[in-house]
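Structure file start-v7.cif with mmCIF, C-alpha atoms and all ligand atoms:
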```cif
data_run
loop_
_atom_site.label_atom_id
_atom_site.label_comp_id
_atom_site.auth_asym_id
_atom_site.auth_seq_id
_atom_site.Cartn_x
_atom_site.Cartn_y
_atom_site.Cartn_z
CA MET A 1 0.00 0.00 0.00
CA ARG A 2 1.33 3.46 -0.85
CA ILE A 3 -0.22 6.58 0.63
CA SER A 4 -0.34 9.60 -1.68
CA LYS A 5 2.47 12.12 -1.44
CA ARG A 6 -0.22 14.71 -0.77
CA VAL A 7 -1.22 13.01 2.49
CA ALA A 8 2.22 11.71 3.40
CA ASP A 9 3.54 15.31 3.28
CA LEU A 10 0.73 16.67 5.51
CA PRO A 11 1.90 17.99 8.87
CA PRO A 12 -0.04 16.47 11.79
CA TYR A 13 -3.07 18.67 12.66
CA LEU A 14 -2.09 20.87 15.59
CA PHE A 15 -4.72 19.79 18.08
CA VAL A 16 -4.39 16.09 17.29
CA GLU A 17 -0.82 16.34 18.66
CA ILE A 18 -1.88 18.35 21.72
CA SER A 19 -4.80 16.02 22.51
CA LYS A 20 -2.42 13.05 22.24
CA LYS A 21 -0.02 14.61 24.75
CA ILE A 22 -2.87 15.38 27.18
CA ALA A 23 -4.23 11.81 26.85
CA GLU A 24 -0.76 10.35 27.57
CA LYS A 25 -0.40 12.46 30.74
CA ARG A 26 -3.91 11.59 31.90
CA ALA A 27 -3.31 7.88 31.22
CA LYS A 28 -0.38 8.12 33.66
CA GLY A 29 -2.78 9.51 36.28
CA GLU A 30 -1.54 13.11 35.97
CA ASP A 31 -4.07 15.90 36.41
CA VAL A 32 -3.81 18.22 33.42
CA VAL A 33 -5.57 21.59 33.02
CA SER A 34 -5.95 22.54 29.37
CA PHE A 35 -6.21 26.07 27.99
CA ALA A 36 -5.50 24.70 24.53
CA ILE A 37 -8.53 24.17 22.32
CA GLY A 38 -11.16 26.81 21.41
CA ASP A 39 -14.10 24.47 21.94
CA PRO A 40 -16.84 26.10 24.08
CA ASP A 41 -17.36 24.26 27.37
CA ILE A 42 -20.83 25.79 27.86
CA PRO A 43 -23.62 23.56 26.45
CA THR A 44 -25.67 24.47 23.37
CA PRO A 45 -28.64 26.60 24.56
CA PRO A 46 -31.69 24.43 25.45
CA HIS A 47 -34.12 25.97 22.91
CA ILE A 48 -31.75 24.94 20.10
CA ILE A 49 -31.44 21.38 21.43
CA ALA A 50 -35.23 21.15 21.89
CA ARG A 51 -35.72 22.03 18.20
CA LEU A 52 -33.05 19.49 17.19
CA CYS A 53 -34.77 16.70 19.17
CA GLN A 54 -38.15 17.60 17.71
CA ALA A 55 -36.77 17.69 14.15
CA ALA A 56 -35.02 14.35 14.70
CA GLN A 57 -38.44 12.73 15.28
CA ASP A 58 -39.73 13.81 11.87
CA PRO A 59 -39.18 11.11 9.20
CA ALA A 60 -38.87 13.85 6.55
CA ASN A 61 -35.53 14.64 8.17
CA HIS A 62 -34.28 11.04 8.01
CA ARG A 63 -33.38 11.24 4.33
CA TYR A 64 -30.46 12.74 2.39
CA PRO A 65 -30.15 16.48 2.81
CA GLU A 66 -29.29 18.73 -0.16
CA THR A 67 -25.77 20.13 -0.52
CA GLU A 68 -27.14 23.68 -0.73
CA GLY A 69 -29.09 23.28 2.52
CA LEU A 70 -32.77 23.87 3.27
CA PRO A 71 -34.11 27.08 1.66
CA LYS A 72 -35.35 28.08 5.14
CA LEU A 73 -31.82 27.85 6.54
CA ARG A 74 -30.40 29.95 3.68
CA GLN A 75 -33.13 32.51 4.28
CA ALA A 76 -32.43 32.52 8.04
CA ILE A 77 -28.75 33.17 7.33
CA ALA A 78 -29.61 36.02 4.91
CA ARG A 79 -32.00 37.57 7.46
CA TRP A 80 -29.40 37.28 10.23
CA TYR A 81 -26.81 39.13 8.09
CA GLN A 82 -29.41 41.82 7.39
CA SER A 83 -30.36 42.33 11.03
CA ARG A 84 -26.87 41.97 12.52
CA PHE A 85 -24.79 43.82 9.90
CA GLY A 86 -27.30 45.54 7.54
CA VAL A 87 -25.97 43.39 4.66
CA SER A 88 -28.50 42.13 2.06
CA LEU A 89 -27.88 38.73 0.57
CA ASP A 90 -29.71 36.69 -2.06
CA ALA A 91 -30.51 33.51 -0.12
CA ASP A 92 -30.34 31.38 -3.29
CA LYS A 93 -27.16 32.70 -4.88
CA GLU A 94 -25.12 34.38 -2.15
CA VAL A 95 -25.51 31.96 0.79
CA LEU A 96 -24.27 28.39 1.20
CA PRO A 97 -24.54 26.41 4.47
CA LEU A 98 -21.47 24.31 5.35
CA ILE A 99 -20.80 21.23 7.47
CA GLY A 100 -18.91 23.47 9.89
CA SER A 101 -16.92 26.35 8.41
CA LYS A 102 -13.65 24.31 8.46
CA GLU A 103 -15.10 22.13 5.72
CA GLY A 104 -15.82 25.06 3.38
CA ILE A 105 -12.53 26.79 4.20
CA ALA A 106 -10.66 23.63 3.23
CA HIS A 107 -12.66 22.96 0.08
CA ILE A 108 -12.61 26.46 -1.40
CA ALA A 109 -8.89 26.08 -2.13
CA LEU A 110 -9.82 23.33 -4.61
CA CYS A 111 -12.07 25.84 -6.44
CA PHE A 112 -9.37 28.50 -6.91
CA ILE A 113 -5.90 27.08 -6.50
CA ASP A 114 -4.18 25.20 -9.31
CA PRO A 115 -0.61 23.87 -9.07
CA GLU A 116 1.86 26.81 -9.03
CA ASP A 117 -0.79 29.24 -7.73
CA ILE A 118 -0.32 31.14 -4.50
CA ALA A 119 -2.72 31.93 -1.64
CA LEU A 120 -1.81 34.84 0.63
CA VAL A 121 -2.14 33.54 4.17
CA PRO A 122 -1.64 35.31 7.51
CA ASP A 123 1.12 34.11 9.85
CA PRO A 124 0.26 33.21 12.59
CA ALA A 125 -3.09 31.72 11.51
CA TYR A 126 -5.65 28.97 11.77
CA PRO A 127 -3.72 26.20 9.95
CA VAL A 128 -6.43 25.20 7.45
CA TYR A 129 -5.80 28.17 5.09
CA SER A 130 -2.28 27.03 4.30
CA VAL A 131 -2.82 23.26 4.47
CA SER A 132 -5.77 23.40 2.03
CA THR A 133 -3.68 25.53 -0.34
CA MET A 134 -0.96 22.86 -0.29
CA LEU A 135 -3.48 20.04 -0.75
CA ALA A 136 -4.70 21.83 -3.89
CA GLY A 137 -1.09 21.84 -5.17
CA GLY A 138 -0.48 25.54 -4.56
CA SER A 139 1.81 27.39 -2.16
CA PRO A 140 0.99 29.71 0.72
CA TYR A 141 2.74 33.07 0.87
CA TYR A 142 2.84 34.04 4.53
CA MET A 143 1.91 37.61 5.49
CA PRO A 144 3.39 38.39 8.93
CA LEU A 145 0.93 39.55 11.60
CA VAL A 146 2.97 41.55 14.09
CA GLU A 147 2.00 43.56 17.12
CA ALA A 148 3.57 46.75 15.72
CA ASN A 149 0.92 46.63 12.95
CA ASN A 150 -1.92 45.59 15.30
CA PHE A 151 -1.70 42.06 13.90
CA LEU A 152 -2.98 43.24 10.49
CA PRO A 153 -1.06 42.17 7.36
CA ASP A 154 0.93 44.89 5.59
CA LEU A 155 -0.40 44.22 2.10
CA ASP A 156 1.91 46.75 0.45
CA THR A 157 5.00 44.70 1.31
CA ILE A 158 3.91 41.65 -0.71
CA PRO A 159 6.37 41.29 -3.62
CA ALA A 160 5.10 41.87 -7.19
CA ASP A 161 6.16 38.39 -8.40
CA VAL A 162 4.13 36.81 -5.56
CA LEU A 163 1.11 38.94 -6.44
CA ARG A 164 1.27 37.86 -10.09
CA ARG A 165 0.78 34.23 -9.02
CA ALA A 166 -1.60 34.90 -6.11
CA LYS A 167 -5.29 34.09 -6.49
CA LEU A 168 -6.69 34.12 -2.96
CA LEU A 169 -6.20 36.46 0.00
CA TRP A 170 -7.12 35.00 3.40
CA LEU A 171 -8.10 37.29 6.28
CA ASN A 172 -9.52 36.44 9.71
CA TYR A 173 -10.90 38.98 12.21
CA PRO A 174 -11.57 38.80 15.12
CA ASN A 175 -8.37 36.86 14.80
CA ASN A 176 -7.33 33.41 15.93
CA PRO A 177 -4.81 33.16 17.55
CA THR A 178 -3.93 36.83 18.31
CA GLY A 179 -7.39 38.09 19.37
CA ALA A 180 -6.84 41.17 17.15
CA VAL A 181 -9.75 42.94 15.46
CA ALA A 182 -10.08 44.81 12.16
CA ASP A 183 -12.25 47.78 11.25
CA LEU A 184 -14.08 48.65 8.04
CA ASP A 185 -11.28 50.94 6.96
CA PHE A 186 -8.89 47.96 6.85
CA PHE A 187 -11.41 45.82 4.98
CA ASN A 188 -12.04 48.64 2.45
CA ARG A 189 -8.30 48.89 1.83
CA ALA A 190 -8.08 45.11 1.41
CA VAL A 191 -10.89 45.16 -1.17
CA LYS A 192 -9.14 47.90 -3.21
CA PHE A 193 -5.88 45.94 -3.01
CA ALA A 194 -7.61 42.74 -4.16
CA ARG A 195 -9.20 44.59 -7.09
CA ARG A 196 -5.85 46.01 -8.13
CA HIS A 197 -4.20 42.58 -8.14
CA ASP A 198 -7.11 40.45 -9.35
CA LEU A 199 -7.40 38.49 -6.09
CA ALA A 200 -10.43 36.89 -4.50
CA ILE A 201 -10.75 37.52 -0.75
CA CYS A 202 -11.85 34.86 1.73
CA HIS A 203 -12.62 36.42 5.07
CA ASP A 204 -13.06 34.00 7.96
CA GLY A 205 -15.18 35.48 10.76
CA PRO A 206 -16.35 32.78 13.18
CA TYR A 207 -15.66 35.00 16.24
CA SER A 208 -17.76 38.01 15.18
CA GLU A 209 -20.25 37.38 18.00
CA VAL A 210 -17.70 36.71 20.76
CA ALA A 211 -16.84 40.23 21.92
CA PHE A 212 -16.31 42.13 25.15
CA ASP A 213 -16.80 45.49 26.86
CA GLY A 214 -19.66 46.40 24.48
CA TYR A 215 -17.44 46.11 21.37
CA GLN A 216 -19.27 44.85 18.24
CA PRO A 217 -17.04 43.42 15.49
CA VAL A 218 -17.88 44.39 11.91
CA SER A 219 -18.41 41.95 9.06
CA PHE A 220 -16.11 41.98 6.02
CA MET A 221 -19.35 42.00 3.99
CA GLN A 222 -20.05 45.56 5.23
CA ALA A 223 -17.04 46.93 3.33
CA ASP A 224 -17.56 48.51 -0.13
CA GLY A 225 -17.79 46.14 -3.09
CA THR A 226 -17.10 42.93 -1.19
CA LYS A 227 -19.74 40.99 -3.07
CA GLU A 228 -17.81 41.58 -6.29
CA ILE A 229 -14.60 40.01 -5.11
CA GLY A 230 -15.02 38.04 -1.93
CA VAL A 231 -16.82 35.81 0.52
CA GLU A 232 -17.07 35.55 4.27
CA PHE A 233 -17.10 32.32 6.23
CA HIS A 234 -19.05 32.26 9.46
CA SER A 235 -20.02 29.56 11.91
CA LEU A 236 -22.54 28.73 14.60
CA SER A 237 -19.80 26.86 16.51
CA LYS A 238 -18.57 29.67 18.72
CA SER A 239 -21.66 31.96 18.85
CA TYR A 240 -24.07 29.24 19.97
CA ASN A 241 -21.69 26.60 21.40
CA MET A 242 -22.47 24.29 18.50
CA THR A 243 -19.02 22.90 17.67
CA GLY A 244 -20.43 19.38 18.02
CA TRP A 245 -23.27 19.92 15.53
CA ARG A 246 -21.18 21.22 12.63
CA VAL A 247 -22.95 24.18 11.05
CA GLY A 248 -21.14 26.91 9.18
CA MET A 249 -21.87 29.12 6.19
CA VAL A 250 -20.24 31.08 3.42
CA VAL A 251 -21.84 34.23 2.04
CA GLY A 252 -20.98 36.81 -0.61
CA ASN A 253 -19.82 36.59 -4.22
CA ALA A 254 -22.27 34.43 -6.18
CA GLU A 255 -19.65 33.03 -8.57
CA MET A 256 -17.38 31.89 -5.74
CA ILE A 257 -20.32 30.37 -3.91
CA ASP A 258 -21.49 28.57 -7.03
CA ALA A 259 -17.99 27.12 -7.54
CA LEU A 260 -17.94 25.79 -3.98
CA LYS A 261 -21.46 24.41 -4.32
CA ARG A 262 -20.46 22.56 -7.52
CA LEU A 263 -17.43 21.06 -5.80
CA LYS A 264 -19.31 20.12 -2.65
CA SER A 265 -22.22 18.52 -4.52
CA ASN A 266 -19.65 15.99 -5.76
CA LEU A 267 -18.14 15.40 -2.32
CA ASP A 268 -20.83 15.62 0.36
CA SER A 269 -24.58 15.56 0.83
CA GLY A 270 -24.98 18.54 3.12
CA ILE A 271 -25.79 19.05 6.80
CA PRO A 272 -28.22 16.53 8.38
CA ASN A 273 -31.68 18.13 8.14
CA ALA A 274 -32.49 17.96 11.86
CA ILE A 275 -29.30 19.93 12.54
CA GLN A 276 -30.31 22.48 9.91
CA HIS A 277 -33.58 23.01 11.82
CA ALA A 278 -31.56 23.53 15.01
CA ALA A 279 -29.43 26.07 13.11
CA ILE A 280 -32.55 27.94 11.96
CA GLU A 281 -33.67 28.07 15.60
CA ALA A 282 -30.25 29.38 16.66
CA LEU A 283 -30.32 32.20 14.10
CA THR A 284 -33.97 33.19 14.45
CA GLY A 285 -34.73 32.36 18.12
CA ALA A 286 -33.85 34.26 21.29
CA GLN A 287 -30.34 35.79 21.12
CA ASP A 288 -29.83 36.43 24.88
CA CYS A 289 -27.43 33.47 25.05
CA ILE A 290 -24.80 35.45 23.12
CA GLN A 291 -24.58 38.19 25.76
CA GLU A 292 -24.70 35.57 28.53
CA HIS A 293 -21.79 33.62 27.04
CA ASN A 294 -19.80 36.78 26.40
CA ALA A 295 -20.20 37.86 30.03
CA ILE A 296 -18.74 34.50 31.11
CA TYR A 297 -15.84 34.74 28.66
CA GLN A 298 -15.16 38.36 29.63
CA ARG A 299 -14.91 37.43 33.31
CA ARG A 300 -12.54 34.58 32.43
CA ARG A 301 -10.52 36.86 30.14
CA ASP A 302 -10.01 39.33 32.98
CA LEU A 303 -8.95 36.58 35.40
CA VAL A 304 -6.47 35.17 32.88
CA ILE A 305 -5.00 38.58 31.99
CA ASP A 306 -4.63 39.56 35.66
CA MET A 307 -2.86 36.31 36.48
CA LEU A 308 -0.56 36.44 33.44
CA ASN A 309 0.41 40.03 34.18
CA SER A 310 0.94 39.24 37.86
CA ILE A 311 3.44 36.51 36.98
CA GLY A 312 5.26 38.84 34.62
CA LEU A 313 3.85 37.74 31.27
CA GLU A 314 2.80 40.51 28.92
CA ALA A 315 -0.74 40.10 27.55
CA LYS A 316 -3.38 42.64 26.53
CA PRO A 317 -7.11 41.97 26.99
CA PRO A 318 -8.59 41.07 23.58
CA LYS A 319 -11.71 42.99 22.46
CA ALA A 320 -13.07 39.83 20.83
CA SER A 321 -12.42 36.12 20.12
CA LEU A 322 -11.93 33.30 22.60
CA TYR A 323 -8.19 33.76 22.98
CA VAL A 324 -5.53 35.48 25.04
CA TRP A 325 -2.23 35.91 23.19
CA ALA A 326 0.57 36.28 25.71
CA LYS A 327 4.31 36.83 25.39
CA VAL A 328 6.55 34.08 26.78
CA PRO A 329 9.17 35.01 29.38
CA GLN A 330 12.62 35.98 28.13
CA GLY A 331 14.90 33.04 27.48
CA TYR A 332 12.13 30.67 26.33
CA THR A 333 10.85 29.70 22.89
CA SER A 334 7.10 29.27 22.73
CA ARG A 335 7.49 25.46 22.57
CA ASP A 336 9.96 25.37 25.48
CA PHE A 337 7.63 27.46 27.59
CA ALA A 338 4.55 25.36 26.75
CA THR A 339 6.53 22.20 27.54
CA ASP A 340 7.79 23.68 30.81
CA LEU A 341 4.24 24.54 31.92
CA LEU A 342 2.99 21.07 31.04
CA ASP A 343 5.85 19.23 32.70
CA LYS A 344 6.19 21.38 35.81
CA VAL A 345 2.60 22.36 36.64
CA GLY A 346 0.36 20.28 34.36
CA VAL A 347 -1.03 23.26 32.41
CA VAL A 348 -1.53 23.01 28.64
CA VAL A 349 -1.24 26.13 26.48
CA THR A 350 -0.69 26.30 22.73
CA PRO A 351 2.79 27.40 21.59
CA GLY A 352 2.40 30.40 19.28
CA VAL A 353 4.86 28.97 16.76
CA SER A 354 2.40 26.18 15.93
CA TYR A 355 0.36 28.85 14.12
CA GLY A 356 3.32 30.01 12.04
CA LYS A 357 6.80 31.39 12.52
CA ASN A 358 5.54 34.83 13.51
CA GLY A 359 3.76 33.19 16.44
CA GLU A 360 7.17 32.54 18.00
CA GLY A 361 7.51 34.30 21.34
CA TYR A 362 3.84 33.84 22.23
CA ILE A 363 1.45 31.32 23.74
CA ARG A 364 -2.31 31.14 23.20
CA LEU A 365 -4.74 30.50 26.05
CA SER A 366 -8.35 29.66 25.24
CA LEU A 367 -11.18 30.93 27.45
CA THR A 368 -13.32 27.86 26.80
CA ILE A 369 -12.39 26.23 30.08
CA PRO A 370 -14.90 25.64 32.92
CA ASP A 371 -14.53 28.11 35.82
CA ALA A 372 -13.24 25.55 38.38
CA ALA A 373 -10.54 24.30 36.00
CA LEU A 374 -9.67 27.88 35.08
CA VAL A 375 -9.10 28.83 38.72
CA LYS A 376 -7.03 25.67 39.25
CA GLY A 377 -4.99 26.38 36.11
CA LEU A 378 -4.35 29.97 37.14
CA SER A 379 -3.19 29.00 40.62
CA ARG A 380 -0.82 26.50 38.98
CA LEU A 381 0.60 29.29 36.84
CA ALA A 382 1.22 31.28 40.03
CA GLY A 383 2.97 28.17 41.43
CA TRP A 384 5.14 27.98 38.30
CA ARG A 385 6.21 31.59 38.91
CA ARG A 386 7.04 30.93 42.61
CA ASN A 387 9.15 27.88 41.69
CA ARG A 388 10.96 29.85 39.02
CA SER A 389 11.73 32.68 41.44
CA ARG A 390 13.14 30.15 43.92
CA THR A 391 15.33 28.56 41.21
CA GLU A 392 16.54 31.99 40.11
CA GLN A 393 17.42 32.88 43.71
CA LYS A 394 19.42 29.66 44.08
CA ILE A 395 21.35 30.35 40.86
CA THR A 396 22.24 33.96 41.78
C1 LIG B 401 -10.33 31.01 12.66
C2 LIG B 401 -11.19 29.79 12.62
N1 LIG B 401 -11.87 29.51 11.50
C3 LIG B 401 -12.65 28.44 11.40
C4 LIG B 401 -12.80 27.57 12.46
C5 LIG B 401 -13.66 26.34 12.27
O1 LIG B 401 -14.87 26.39 12.93
P1 LIG B 401 -16.03 25.38 12.61
O2 LIG B 401 -15.54 24.37 11.61
O3 LIG B 401 -16.38 24.75 13.90
O4 LIG B 401 -17.14 26.20 12.03
C6 LIG B 401 -12.10 27.79 13.64
C7 LIG B 401 -12.19 26.84 14.76
O5 LIG B 401 -11.53 26.92 15.76
C8 LIG B 401 -11.28 28.95 13.73
O6 LIG B 401 -10.59 29.24 14.83
#
```
Kindly transcribe the structure held in the file into structure tokens.
Ligand SMILES: Cc1ncc(COP(=O)(O)O)c(C=O)c1O
Amino acid sequence: MRISKRVADLPPYLFVEISKKIAEKRAKGEDVVSFAIGDPDIPTPPHIIARLCQAAQDPANHRYPETEGLPKLRQAIARWYQSRFGVSLDADKEVLPLIGSKEGIAHIALCFIDPEDIALVPDPAYPVYSVSTMLAGGSPYYMPLVEANNFLPDLDTIPADVLRRAKLLWLNYPNNPTGAVADLDFFNRAVKFARRHDLAICHDGPYSEVAFDGYQPVSFMQADGTKEIGVEFHSLSKSYNMTGWRVGMVVGNAEMIDALKRLKSNLDSGIPNAIQHAAIEALTGAQDCIQEHNAIYQRRRDLVIDMLNSIGLEAKPPKASLYVWAKVPQGYTSRDFATDLLDKVGVVVTPGVSYGKNGEGYIRLSLTIPDAALVKGLSRLAGWRRNRSRTEQKIT
């Protein structure tokens, strides 16, 4: 048996490695507190689950779904974009439900990237943008996201020969892993840039509803002319704690959406219908859960930031997203520091370098950790600091 080069060359998916490490420690009886994965710990709101259970009883929902989703779901998505962002969408041509947004993000590369083509990808970033580009035979060109530029890419520094081969520009705000946000001015500039260089933009915005201190993230679709050159991916995973049900969406340019629909109709048969009914309930039912979840995450964010700062790690409170992006202490790489925390105090954080070379020097902590575990994890971080101070005293 010979596995394809395409798969043999794939790096292991980041969280598969981390989950393996955690499982090994736990198998040895060690108590591990994980700040690693951005998977909401709070259950899906009960009204959404009630609709799912009811829909599951209906034999009409026991049969194959359609790739393009139920018309009612597409309409619910279009209405949600209208009421949340004031963006009008044609529910038949400019909206496509996805089996979780990761699925669509991965597949769209196959619609645009041919061998030798380039996709412009942020660094650090959610790994699927670059891996899907490589699976399609293309190459990622990494755009550094650095603090000095508020973790926004500096589009004007991309070399002309790269731009000639580039077909897609990936953006993601509120950003994973840095927690940075972008405003409409940035998106308007990105659209002009994409027009100038004949690029299609894919904006990934699954964290648009996870925001703090009254801040409301904008949608890329609110910028001028986005429907002519780009799409936005969104997801119910983080807004409604539905990571386990797999519902995402892509909206925007009709030609791009049609290309993805054509590809997907050959690969999958859509989201199970009962889950689509739950998604309709999520988008059209009571929205109080969003503020309730954000209040929980904001409290956790403040606890995490206070603790990190008190042990000498530099981290700023993010305005949105589920992540705190913190600088590692001097003398450590991000992997060394993550390993030290795991080995010495049983705390798992994600090394920034796993998101790209510009993530070096940082760790990411996710706020999707139950309160009791969070408090335990934070007191362990304080213990790590005390031990380190003692060691330093002995050395000096
Ligand atoms: C930036 C980003 N995009 C997309 C996703 C995928 O979300 P889902 O497939 O659950 O919709 C994630 C998940 O963590 C993410 O962080």
- Task: Provide the atom CA of Asp224 of chain A to atom CA of Leu184 of chain A distance in Å, to one decimal place.
- Result: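 That distance, rounded to one decimal, is 8.9 Å.
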- Item | Best match for closeness to ligand LIG 401 (chain B) among A:Val33, A:Val181, A:Val128, A:Val162, counting all atoms listed in the file |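 Of the candidates, the smallest distance to ligand LIG 401 (chain B) is held by A:Val128.
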- Task: Could you please determine the separation between atom CA of Leu89 of chain A and atom CA of Ile105 of chain A in Å, to one decimal place?
- Result: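 Separating atom CA of Leu89 of chain A from atom CA of Ile105 of chain A is a distance of 19.8 Å.
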Could you pull the residues within 12 Å of segment 281-285 of chain A, counting only C-alpha atoms, minus those fewer than 2 positions along the same chain, as a PDB file with C-alpha atoms, keeping the file's coordinate frame?
```pdb
ATOM      1  CA  THR A  44     -25.670  24.470  23.370  1.00  0.00           C
ATOM      2  CA  PRO A  45     -28.640  26.600  24.560  1.00  0.00           C
ATOM      3  CA  PRO A  46     -31.690  24.430  25.450  1.00  0.00           C
ATOM      4  CA  HIS A  47     -34.120  25.970  22.910  1.00  0.00           C
ATOM      5  CA  ILE A  48     -31.750  24.940  20.100  1.00  0.00           C
ATOM      6  CA  ILE A  49     -31.440  21.380  21.430  1.00  0.00           C
ATOM      7  CA  ALA A  50     -35.230  21.150  21.890  1.00  0.00           C
ATOM      8  CA  ARG A  51     -35.720  22.030  18.200  1.00  0.00           C
ATOM      9  CA  LEU A  52     -33.050  19.490  17.190  1.00  0.00           C
ATOM     10  CA  CYS A  53     -34.770  16.700  19.170  1.00  0.00           C
ATOM     11  CA  GLN A  54     -38.150  17.600  17.710  1.00  0.00           C
ATOM     12  CA  ALA A  55     -36.770  17.690  14.150  1.00  0.00           C
ATOM     13  CA  LYS A  72     -35.350  28.080   5.140  1.00  0.00           C
ATOM     14  CA  LEU A  73     -31.820  27.850   6.540  1.00  0.00           C
ATOM     15  CA  ARG A  74     -30.400  29.950   3.680  1.00  0.00           C
ATOM     16  CA  GLN A  75     -33.130  32.510   4.280  1.00  0.00           C
ATOM     17  CA  ALA A  76     -32.430  32.520   8.040  1.00  0.00           C
ATOM     18  CA  ILE A  77     -28.750  33.170   7.330  1.00  0.00           C
ATOM     19  CA  ALA A  78     -29.610  36.020   4.910  1.00  0.00           C
ATOM     20  CA  ARG A  79     -32.000  37.570   7.460  1.00  0.00           C
ATOM     21  CA  TRP A  80     -29.400  37.280  10.230  1.00  0.00           C
ATOM     22  CA  TYR A  81     -26.810  39.130   8.090  1.00  0.00           C
ATOM     23  CA  GLN A  82     -29.410  41.820   7.390  1.00  0.00           C
ATOM     24  CA  SER A  83     -30.360  42.330  11.030  1.00  0.00           C
ATOM     25  CA  ARG A  84     -26.870  41.970  12.520  1.00  0.00           C
ATOM     26  CA  GLU A 209     -20.250  37.380  18.000  1.00  0.00           C
ATOM     27  CA  SER A 235     -20.020  29.560  11.910  1.00  0.00           C
ATOM     28  CA  LEU A 236     -22.540  28.730  14.600  1.00  0.00           C
ATOM     29  CA  SER A 237     -19.800  26.860  16.510  1.00  0.00           C
ATOM     30  CA  LYS A 238     -18.570  29.670  18.720  1.00  0.00           C
ATOM     31  CA  SER A 239     -21.660  31.960  18.850  1.00  0.00           C
ATOM     32  CA  TYR A 240     -24.070  29.240  19.970  1.00  0.00           C
ATOM     33  CA  ASN A 241     -21.690  26.600  21.400  1.00  0.00           C
ATOM     34  CA  MET A 242     -22.470  24.290  18.500  1.00  0.00           C
ATOM     35  CA  TRP A 245     -23.270  19.920  15.530  1.00  0.00           C
ATOM     36  CA  VAL A 247     -22.950  24.180  11.050  1.00  0.00           C
ATOM     37  CA  GLY A 248     -21.140  26.910   9.180  1.00  0.00           C
ATOM     38  CA  MET A 249     -21.870  29.120   6.190  1.00  0.00           C
ATOM     39  CA  ALA A 274     -32.490  17.960  11.860  1.00  0.00           C
ATOM     40  CA  ILE A 275     -29.300  19.930  12.540  1.00  0.00           C
ATOM     41  CA  GLN A 276     -30.310  22.480   9.910  1.00  0.00           C
ATOM     42  CA  HIS A 277     -33.580  23.010  11.820  1.00  0.00           C
ATOM     43  CA  ALA A 278     -31.560  23.530  15.010  1.00  0.00           C
ATOM     44  CA  ALA A 279     -29.430  26.070  13.110  1.00  0.00           C
ATOM     45  CA  GLN A 287     -30.340  35.790  21.120  1.00  0.00           C
ATOM     46  CA  ASP A 288     -29.830  36.430  24.880  1.00  0.00           C
ATOM     47  CA  CYS A 289     -27.430  33.470  25.050  1.00  0.00           C
ATOM     48  CA  ILE A 290     -24.800  35.450  23.120  1.00  0.00           C
TER      49      ILE A 290
END
```
- Dump the neighbourhood of ligand LIG 401 (chain B) as a PyMOL selection string: all residues within 7 Å, distances computed on all atoms listed in the file. chain A and resi 38+100-103+126+172+175-176+204-206+234-237+243+246-248
- Would you please work out which residue, of A:Ile311, A:Leu169, A:Tyr323, A:Cys202, is nearest to Arg388 of chain A when using only C-alpha atoms? A:Ile311
- In Å, rounded to a single decimal, give me how far atom CA of Ser366 of chain A is from atom CA of Ile42 of chain A.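 Here the two named atoms are 13.3 Å from each other.
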- Message: Under the rule that all atoms listed in the file are counted, which of A:Pro272, A:Gly225, A:Pro122, A:Gly377 is the nearest residue to Arg300 of chain A?
- Response: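 When distances to Arg300 of chain A are compared using all atoms listed in the file, the smallest one comes from A:Gly377.
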- Task: Compare A:Asn188, A:Leu267, A:Arg301, A:Pro11 by their minimum atom-to-atom distance to Met134 of chain A, counting all atoms listed in the file, and give me the closest one.
- Result: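 Between A:Asn188, A:Leu267, A:Arg301, A:Pro11, the residue approaching Met134 of chain A most closely is A:Pro11.
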Is it possible to get the axis-aligned box enclosing segment 203-206 of chain A (all listed atoms, 5 Å extra per side) as lines of an AutoDock Vina configuration file, with centre and edge lengths in Å rounded to one decimal?
```
center_x = -14.5
center_y = 34.6
center_z = 9.1
size_x = 13.7
size_y = 13.6
size_z = 18.1
```
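Checking A:Val121, A:Ala23, A:Leu378, A:Ala109 one by one against Gly138 of chain A, counting all atoms listed in the file, you find the shortest gap at A:Ala109.
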- Message: Measuring between only C-alpha atoms, which one of A:Gly312, A:Pro12, A:Pro43, A:Gly331 shows the shortest distance to Ser389 of chain A?
- Response: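 For Ser389 of chain A, the nearest of the candidates is A:Gly312.
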- Neighbours of segment 346-350 of chain A within 9 Å (all atoms listed in the file; same-chain residues fewer than 4 positions away dropped), as a ChimeraX atom specification? /A:15,18,22,25,30-37,334-335,338-342,354,362-366,377-378,380-381
- Task: Could you give me, as a PyMOL selection string, the residues within 12 Å of Leu171 of chain A, counting all atoms listed in the file and dropping anything in the same chain fewer than 2 positions from it?
- Result: chain A and resi 105+119-126+129-130+142-145+151-155+168-169+173-176+180-182+186-187+190-191+194+200-206+219-220+230-233
- Item | 12 Å contact set for Ser379 of chain A, all atoms listed in the file, chain neighbours under 2 positions out, as JSON, numbers by chain | {"A": [33, 303, 304, 306, 307, 308, 310, 311, 345, 346, 347, 372, 373, 374, 375, 376, 377, 381, 382, 383, 384, 385, 386]}
- Query: Can you tell me, as an MDAnalysis selection string, what residues are no more than 9 Å from Leu163 of chain A when counting only C-alpha atoms, ignoring any on the same chain fewer than 2 positions away?
  - Reply: chainID A and resid 118 120 158:161 165:167 197:199
